[in-house]
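S.K.: Take a look at the following structure, please.
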Amino acid sequence: MSKTVTLRIGENIYDMFRAMAERENRPLSNFIETAALRYLQEHELADEFEMREISQNANLLSSLKRGHADAKARRGRFV
């Protein structure tokens, strides 16, 4: 279900968003939503190259497995 969000931004930023949305022939709300989603995907998820590097690092995988087991058993201190 869609949610409505109120956002306060400066007029110069609004003008930049509006100009880019018009350039791409999209509604302003769609442009902002797409830009935010792109940012999250680029900064929160590992891309295929990073995943390959992670999956080939035996020491890292071992450490992650130990950490997962510790978390499951509620051992250690979580920060």
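Please note that chains go A, B, ... in the order of the structure tokens, that every chain numbers its residues from 1, and that ligands are numbered from 1 in the order shown.
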Just list as a ChimeraX atom specification whatever in chain A DSSP marks as helix (DSSP H, G or I).
M.R.: /A:11-23,28-44,48-55,58-72
S.K.: Excluding stretch 22-29 of chain A and its own-chain neighbours fewer than 4 positions away, which residues fall within 12 Å of it when counting only C-alpha atoms? Please give them as a PyMOL selection string.
M.R.: chain A and resi 3-7+14-18+33-36
S.K.: How many Å lie between atom CA of A:Glu42 and atom CA of A:Ser55, rounded to one decimal?
M.R.: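 Pair atom CA of A:Glu42 / atom CA of A:Ser55 returns 19.2 Å.
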S.K.: Pick out the closest residue to A:Phe31 from this set: A:Met1, A:Met51, A:Ala46, A:Ala19. Count only C-alpha atoms.
M.R.: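 Distance minimum relative to A:Phe31 lands on A:Ala19.
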S.K.: How many Å lie between atom CA of A:Val79 and atom CA of A:Gly67, rounded to one decimal?
M.R.: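 Calculated distance between atom CA of A:Val79 and atom CA of A:Gly67 is 12.9 Å.
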S.K.: In Å, with one decimal, what is the gap from atom CA of A:Met20 to atom CA of A:Glu48?
M.R.: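 Distance between the two atoms: 29.0 Å.
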